[in-house]
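Okay, structure.txt now, which holds compact mmCIF, C-alpha atoms:
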```txt
# COMPACT_ATOMS: atom_id res chain seq x y z
CA GLY A 11 2.21 37.23 -12.77
CA ASN A 12 1.19 34.44 -15.09
CA SER A 13 -2.04 32.59 -14.49
CA VAL A 14 -4.34 30.09 -16.17
CA THR A 15 -8.06 29.76 -15.58
CA GLN A 16 -9.95 26.75 -16.83
CA MET A 17 -13.52 25.69 -16.42
CA GLU A 18 -14.32 23.88 -13.23
CA GLY A 19 -15.39 20.31 -13.50
CA PRO A 20 -16.39 17.70 -13.31
CA VAL A 21 -17.66 17.35 -16.84
CA THR A 22 -19.74 14.28 -17.64
CA LEU A 23 -20.60 13.41 -21.23
CA SER A 24 -22.00 10.51 -23.17
CA GLU A 25 -19.86 8.77 -25.76
CA GLU A 26 -19.74 10.62 -29.11
CA ALA A 27 -20.72 13.94 -27.53
CA PHE A 28 -18.92 17.17 -28.36
CA LEU A 29 -16.40 18.39 -25.81
CA THR A 30 -15.27 21.91 -24.98
CA ILE A 31 -13.08 22.76 -22.00
CA ASN A 32 -12.51 26.49 -21.70
CA CYS A 33 -9.11 27.93 -20.84
CA THR A 34 -8.04 31.56 -20.57
CA TYR A 35 -4.69 32.93 -19.52
CA THR A 36 -2.92 36.01 -18.23
CA ALA A 37 0.70 36.49 -19.19
CA THR A 38 3.06 39.16 -20.38
CA GLY A 39 4.48 38.84 -23.84
CA TYR A 40 3.93 35.75 -25.92
CA PRO A 41 3.52 32.55 -23.93
CA SER A 42 3.43 29.05 -25.32
CA LEU A 43 0.24 27.20 -24.46
CA PHE A 44 -0.30 23.54 -23.66
CA TRP A 45 -2.91 20.99 -22.78
CA TYR A 46 -1.74 18.12 -20.60
CA VAL A 47 -3.81 15.05 -19.77
CA GLN A 48 -3.65 12.77 -16.76
CA TYR A 49 -5.33 9.39 -17.26
CA PRO A 50 -6.38 7.45 -14.15
CA GLY A 51 -3.32 6.04 -12.40
CA GLU A 52 -0.90 7.54 -14.91
CA GLY A 53 1.43 10.52 -15.11
CA LEU A 54 0.92 13.80 -16.91
CA GLN A 55 1.22 13.59 -20.67
CA LEU A 56 1.42 16.37 -23.20
CA LEU A 57 -1.72 16.32 -25.33
CA LEU A 58 -1.08 19.28 -27.62
CA LYS A 59 0.62 22.66 -27.74
CA ALA A 60 0.72 25.95 -29.64
CA THR A 61 3.55 28.44 -29.54
CA LYS A 62 2.20 31.53 -31.28
CA ALA A 63 -1.03 33.34 -31.99
CA ASP A 64 -3.48 31.59 -34.35
CA ASP A 65 -1.55 28.32 -34.14
CA LYS A 66 -3.74 25.26 -33.78
CA GLY A 67 -2.48 22.33 -31.77
CA SER A 68 -4.03 18.93 -32.44
CA ASN A 69 -3.62 15.35 -31.31
CA LYS A 70 -5.85 12.28 -30.92
CA GLY A 71 -8.84 14.18 -32.29
CA PHE A 72 -8.41 17.03 -29.82
CA GLU A 73 -7.80 20.58 -31.02
CA ALA A 74 -7.08 23.96 -29.47
CA THR A 75 -6.39 27.30 -31.14
CA TYR A 76 -4.18 29.99 -29.60
CA ARG A 77 -6.35 33.13 -29.58
CA LYS A 78 -4.33 36.13 -28.49
CA GLU A 79 -7.21 38.58 -28.86
CA THR A 80 -9.29 36.67 -26.31
CA THR A 81 -6.29 35.20 -24.41
CA SER A 82 -7.85 31.77 -24.77
CA PHE A 83 -6.87 28.21 -25.66
CA HIS A 84 -10.07 26.19 -25.48
CA LEU A 85 -9.85 22.41 -25.90
CA GLU A 86 -12.33 20.73 -28.23
CA LYS A 87 -13.11 17.28 -29.51
CA GLY A 88 -15.91 16.42 -31.86
CA SER A 89 -16.74 12.97 -30.55
CA VAL A 90 -15.44 11.80 -27.19
CA GLN A 91 -14.81 8.20 -26.24
CA VAL A 92 -14.87 6.42 -22.90
CA SER A 93 -11.08 6.22 -23.11
CA ASP A 94 -10.90 10.05 -23.03
CA SER A 95 -11.96 10.02 -19.37
CA ALA A 96 -9.15 11.83 -17.59
CA VAL A 97 -8.13 15.11 -15.95
CA TYR A 98 -7.18 17.83 -18.43
CA PHE A 99 -4.82 20.67 -17.53
CA CYS A 100 -4.29 23.86 -19.46
CA ALA A 101 -0.84 25.37 -18.99
CA LEU A 102 1.52 28.04 -20.24
CA THR A 103 5.18 28.82 -20.25
CA ARG A 104 6.60 32.27 -20.43
CA GLY A 105 10.20 31.59 -21.12
CA GLY A 106 12.84 33.57 -19.38
CA GLY A 107 16.16 32.48 -20.75
CA SER A 108 16.02 28.70 -20.77
CA ASN A 109 13.50 28.40 -17.94
CA TYR A 110 10.22 27.12 -19.29
CA LYS A 111 8.46 26.36 -16.05
CA LEU A 112 4.80 25.59 -16.53
CA THR A 113 1.94 27.47 -14.93
CA PHE A 114 -1.10 25.21 -14.76
CA GLY A 115 -4.82 25.65 -14.45
CA LYS A 116 -6.65 23.73 -11.72
CA GLY A 117 -7.59 20.86 -14.01
CA THR A 118 -10.92 19.61 -15.34
CA LEU A 119 -12.11 16.08 -14.68
CA LEU A 120 -13.84 14.57 -17.70
CA THR A 121 -15.92 11.43 -17.41
CA VAL A 122 -17.31 9.85 -20.57
CA ASN A 123 -20.06 7.29 -20.14
CA PRO A 124 -20.85 4.56 -22.68
CA GLY B 7 13.39 4.67 -24.51
CA ALA B 8 13.10 5.06 -20.77
CA GLY B 9 10.99 7.89 -19.48
CA VAL B 10 11.32 9.92 -16.33
CA SER B 11 11.32 7.75 -13.26
CA GLN B 12 10.68 8.69 -9.66
CA SER B 13 11.11 6.87 -6.39
CA PRO B 14 9.55 5.95 -4.14
CA SER B 15 6.12 5.86 -5.70
CA ASN B 16 4.54 6.21 -2.27
CA LYS B 17 5.95 7.52 0.97
CA VAL B 18 4.22 7.66 4.31
CA THR B 19 6.04 9.49 7.05
CA GLU B 20 5.41 10.96 10.45
CA LYS B 21 5.25 14.66 11.09
CA GLY B 22 8.68 16.04 11.85
CA LYS B 23 10.64 13.44 9.90
CA ASP B 24 12.83 14.22 6.88
CA VAL B 25 12.11 12.68 3.48
CA GLU B 26 14.04 12.40 0.23
CA LEU B 27 12.38 12.04 -3.14
CA ARG B 28 14.35 10.97 -6.18
CA CYS B 29 13.99 11.78 -9.87
CA ASP B 30 15.81 10.15 -12.79
CA PRO B 31 15.32 12.27 -15.90
CA ILE B 32 15.41 11.15 -19.48
CA SER B 33 18.99 10.66 -20.63
CA GLY B 34 20.33 13.74 -22.36
CA HIS B 35 17.78 16.12 -20.87
CA THR B 36 19.57 19.03 -19.29
CA ALA B 37 16.52 20.76 -17.83
CA LEU B 38 14.73 19.31 -14.81
CA TYR B 39 11.69 20.63 -12.96
CA TRP B 40 9.93 19.72 -9.75
CA TYR B 41 6.22 20.37 -9.28
CA ARG B 42 3.74 19.61 -6.52
CA GLN B 43 0.17 18.49 -7.05
CA SER B 44 -2.24 18.90 -4.17
CA LEU B 45 -6.00 19.08 -3.89
CA GLY B 46 -6.07 22.60 -2.57
CA GLN B 47 -3.37 24.20 -4.70
CA GLY B 48 -3.43 22.25 -7.95
CA LEU B 49 -0.14 21.87 -9.81
CA GLU B 50 2.58 24.21 -8.58
CA PHE B 51 6.11 24.78 -9.78
CA LEU B 52 8.79 24.24 -7.15
CA ILE B 53 12.26 24.46 -8.69
CA TYR B 54 14.06 24.42 -12.04
CA PHE B 55 17.50 22.97 -12.77
CA GLN B 56 19.61 23.60 -15.80
CA GLY B 57 22.45 21.11 -15.53
CA ASN B 58 23.44 21.04 -11.89
CA SER B 59 22.46 24.64 -11.24
CA ALA B 60 19.12 25.84 -9.94
CA PRO B 61 18.53 29.31 -11.36
CA ASP B 62 14.90 29.34 -10.26
CA LYS B 63 13.94 28.20 -6.77
CA SER B 64 11.05 30.59 -6.50
CA GLY B 65 8.42 27.91 -5.97
CA LEU B 66 9.93 26.26 -2.92
CA PRO B 67 7.35 26.92 -0.19
CA SER B 68 9.74 27.22 2.75
CA ASP B 69 13.35 26.71 3.78
CA ARG B 70 12.44 23.17 4.83
CA PHE B 71 12.48 22.31 1.13
CA SER B 72 15.70 21.87 -0.79
CA ALA B 73 16.83 20.10 -3.92
CA GLU B 74 20.02 19.17 -5.63
CA ARG B 75 21.08 17.65 -8.88
CA THR B 76 24.32 15.83 -9.47
CA GLY B 77 26.12 14.90 -12.66
CA GLY B 78 23.50 16.74 -14.65
CA SER B 79 21.23 13.78 -14.10
CA VAL B 80 19.57 12.51 -10.91
CA SER B 81 17.83 15.01 -8.68
CA THR B 82 16.79 14.70 -5.05
CA LEU B 83 14.11 16.80 -3.39
CA THR B 84 14.47 16.89 0.39
CA ILE B 85 11.81 18.00 2.81
CA GLN B 86 12.97 18.49 6.38
CA ARG B 87 10.73 18.36 9.43
CA THR B 88 7.72 17.38 7.36
CA GLN B 89 4.33 18.90 8.11
CA GLN B 90 0.88 17.62 7.25
CA GLU B 91 0.45 20.36 4.67
CA ASP B 92 3.39 18.85 2.76
CA SER B 93 1.18 15.89 1.82
CA ALA B 94 0.89 15.94 -1.96
CA VAL B 95 2.07 14.24 -5.13
CA TYR B 96 5.52 15.46 -6.10
CA LEU B 97 6.14 15.40 -9.84
CA CYS B 98 9.40 15.63 -11.70
CA ALA B 99 9.72 16.60 -15.35
CA SER B 100 12.66 16.82 -17.70
CA SER B 101 13.23 18.42 -21.08
CA LEU B 102 15.99 19.05 -23.57
CA GLY B 103 16.63 22.51 -22.18
CA PRO B 104 18.07 25.39 -24.23
CA SER B 105 18.48 23.24 -27.33
CA GLY B 106 14.74 22.63 -27.26
CA GLY B 107 14.00 26.31 -27.74
CA SER B 108 10.64 27.88 -27.01
CA THR B 109 8.81 24.67 -27.89
CA ASP B 110 10.78 22.60 -25.41
CA THR B 111 8.48 19.85 -24.13
CA GLN B 112 8.51 18.63 -20.55
CA TYR B 113 8.07 14.92 -19.92
CA PHE B 114 6.68 14.01 -16.54
CA GLY B 115 7.41 11.13 -14.23
CA PRO B 116 4.67 9.17 -12.43
CA GLY B 117 5.15 11.12 -9.22
CA THR B 118 5.76 10.33 -5.57
CA ARG B 119 2.72 10.42 -3.35
CA LEU B 120 3.78 11.78 0.05
CA THR B 121 1.54 11.36 3.06
CA VAL B 122 2.52 13.02 6.32
CA LEU B 123 0.68 11.63 9.33
```
If you convert what's in this file into structure tokens, what do you get?
Amino acid sequence: GNSVTQMEGPVTLSEEAFLTINCTYTATGYPSLFWYVQYPGEGLQLLLKATKADDKGSNKGFEATYRKETTSFHLEKGSVQVSDSAVYFCALTRGGGSNYKLTFGKGTLLTVNP
Amino acid sequence: GAGVSQSPSNKVTEKGKDVELRCDPISGHTALYWYRQSLGQGLEFLIYFQGNSAPDKSGLPSDRFSAERTGGSVSTLTIQRTQQEDSAVYLCASSLGPSGGSTDTQYFGPGTRLTVL
């Protein structure tokens, strides 16, 4: 079946540090890949997505590239801010008909200190 | 416009009681999903609706769990005879559905935190 593995947290960084959160997946065919973010006290929000190999998703300074050869979708940001403190979830869909249910990783808690 | 809303935001119940959780999707979204977020299991898919039909119920953990959707809009997730292991945050998401294609984006509600004593 489909699965997503992401690096265990928590991750603690200082402001302006470089961020990488690793994500690898197992799926048949060609899944779409997502990063969702959950800020404290808020619901899940889509951060970025990529739907085919070599696509790069980007938003709010975050980037992730769909690497089919390594089945990875690592999240990166060059300079994190305190406001980036949140839980980050890597996810995939493997559509079957119109069903695009998401399979999530366990989540990675990021804390950015001033 | 209005996002996905869920009610109640918090629910505390006693073991053995039934609970109903409600989801109001974004207007015009034909696809609706329920997920569960718990410390031990992370985020898990429960059930998928397309319109009023539920072609994928594969994530429902037991027959104590059921869900329905009426008028292609509001959905209710019902848990009968609640157990302590049902304690979790229940999330609802909606999306355009087939017209959204393979890039269809799910928008999540704030969740209902269920605590079973």
Non-local contacts of range 50-52 of chain B (10 Å; only C-alpha atoms; under 5 positions in same chain excluded) as a list in words:
Lys111, Leu112, Thr113, Phe114, Gly115 and Lys116 of chain A; Tyr39, Trp40, Tyr41, Arg42, Gln43, Ser44, Asp62, Lys63, Ser64, Gly65, Leu66, Pro67, Phe71, Ser72, Ala73, Leu83, Tyr96, Leu97 and Cys98 of chain B
With the cut-off set at 9 Å and counting all atoms listed in the file, tabulate each residue of chain B with an atom at most that distance from an atom of chain A, showing the nearest atom pair and its distance in Å to one decimal, ordered by chain and increasing number, as a Markdown table.
```
| residue | atom | partner | partner_atom | distance |
| --- | --- | --- | --- | --- |
| B:Ala37 | CA | A:Asn109 | CA | 8.2 |
| B:Tyr39 | CA | A:Lys111 | CA | 7.3 |
| B:Gln47 | CA | A:Lys116 | CA | 7.8 |
| B:Gly48 | CA | A:Lys116 | CA | 5.2 |
| B:Leu49 | CA | A:Phe114 | CA | 6.0 |
| B:Glu50 | CA | A:Thr113 | CA | 7.2 |
| B:Phe51 | CA | A:Lys111 | CA | 6.9 |
| B:Ile53 | CA | A:Lys111 | CA | 8.5 |
| B:Tyr54 | CA | A:Asn109 | CA | 7.1 |
| B:Phe55 | CA | A:Asn109 | CA | 8.5 |
| B:Gln56 | CA | A:Ser108 | CA | 8.0 |
| B:Pro61 | CA | A:Asn109 | CA | 8.3 |
| B:Asp62 | CA | A:Asn109 | CA | 7.9 |
| B:Leu97 | CA | A:Gly53 | CA | 8.6 |
| B:Gly103 | CA | A:Ser108 | CA | 6.4 |
| B:Pro104 | CA | A:Ser108 | CA | 5.2 |
| B:Ser105 | CA | A:Ser108 | CA | 8.9 |
| B:Gly106 | CA | A:Ser108 | CA | 9.0 |
| B:Gly107 | CA | A:Ser108 | CA | 7.6 |
| B:Ser108 | CA | A:Gly105 | CA | 7.0 |
| B:Thr109 | CA | A:Thr61 | CA | 6.7 |
| B:Asp110 | CA | A:Tyr110 | CA | 7.6 |
| B:Thr111 | CA | A:Leu56 | CA | 7.9 |
| B:Gln112 | CA | A:Leu56 | CA | 7.9 |
| B:Tyr113 | CA | A:Gln55 | CA | 7.0 |
| B:Phe114 | CA | A:Leu54 | CA | 5.8 |
| B:Gly115 | CA | A:Gly53 | CA | 6.1 |
| B:Pro116 | CA | A:Gly53 | CA | 4.4 |
| B:Gly117 | CA | A:Gly53 | CA | 7.0 |
```
Report as an MDAnalysis selection string all protein, DNA and RNA residues lying within 12 Å of Asp92 in chain B, evaluated on all atoms listed in the file, omitting residues in the same chain fewer than 4 positions from it.
chainID B and resid 17:25 42:47 66:68 70:71 84:88 96 119:123
What does the file look like for those residues with C-alpha atoms, as a PDB file, keeping the file's coordinate frame?
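For reference, part.pdb as written:
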```pdb
ATOM      1  CA  LYS B  17       5.950   7.520   0.970  1.00  0.00           C
ATOM      2  CA  VAL B  18       4.220   7.660   4.310  1.00  0.00           C
ATOM      3  CA  THR B  19       6.040   9.490   7.050  1.00  0.00           C
ATOM      4  CA  GLU B  20       5.410  10.960  10.450  1.00  0.00           C
ATOM      5  CA  LYS B  21       5.250  14.660  11.090  1.00  0.00           C
ATOM      6  CA  GLY B  22       8.680  16.040  11.850  1.00  0.00           C
ATOM      7  CA  LYS B  23      10.640  13.440   9.900  1.00  0.00           C
ATOM      8  CA  ASP B  24      12.830  14.220   6.880  1.00  0.00           C
ATOM      9  CA  VAL B  25      12.110  12.680   3.480  1.00  0.00           C
ATOM     10  CA  ARG B  42       3.740  19.610  -6.520  1.00  0.00           C
ATOM     11  CA  GLN B  43       0.170  18.490  -7.050  1.00  0.00           C
ATOM     12  CA  SER B  44      -2.240  18.900  -4.170  1.00  0.00           C
ATOM     13  CA  LEU B  45      -6.000  19.080  -3.890  1.00  0.00           C
ATOM     14  CA  GLY B  46      -6.070  22.600  -2.570  1.00  0.00           C
ATOM     15  CA  GLN B  47      -3.370  24.200  -4.700  1.00  0.00           C
ATOM     16  CA  LEU B  66       9.930  26.260  -2.920  1.00  0.00           C
ATOM     17  CA  PRO B  67       7.350  26.920  -0.190  1.00  0.00           C
ATOM     18  CA  SER B  68       9.740  27.220   2.750  1.00  0.00           C
ATOM     19  CA  ARG B  70      12.440  23.170   4.830  1.00  0.00           C
ATOM     20  CA  PHE B  71      12.480  22.310   1.130  1.00  0.00           C
ATOM     21  CA  THR B  84      14.470  16.890   0.390  1.00  0.00           C
ATOM     22  CA  ILE B  85      11.810  18.000   2.810  1.00  0.00           C
ATOM     23  CA  GLN B  86      12.970  18.490   6.380  1.00  0.00           C
ATOM     24  CA  ARG B  87      10.730  18.360   9.430  1.00  0.00           C
ATOM     25  CA  THR B  88       7.720  17.380   7.360  1.00  0.00           C
ATOM     26  CA  TYR B  96       5.520  15.460  -6.100  1.00  0.00           C
ATOM     27  CA  ARG B 119       2.720  10.420  -3.350  1.00  0.00           C
ATOM     28  CA  LEU B 120       3.780  11.780   0.050  1.00  0.00           C
ATOM     29  CA  THR B 121       1.540  11.360   3.060  1.00  0.00           C
ATOM     30  CA  VAL B 122       2.520  13.020   6.320  1.00  0.00           C
ATOM     31  CA  LEU B 123       0.680  11.630   9.330  1.00  0.00           C
TER      32      LEU B 123
END
```
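The gap separating CA of Asn123 in chain A from CA of Gly71 in chain A is 17.9 Å, in Å to one decimal.
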Do you have the CA of Asp94 in chain A-CA of Asp30 in chain B distance handy?
28.6 Å
Excluding same-chain residues fewer than 4 positions from Thr15 in chain A, what lies within 7 Å of it counting all atoms listed in the file, as a list in words?
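Here the qualifying residues turn out to be Cys33, Thr34, Tyr35 and Gly115 of chain A.
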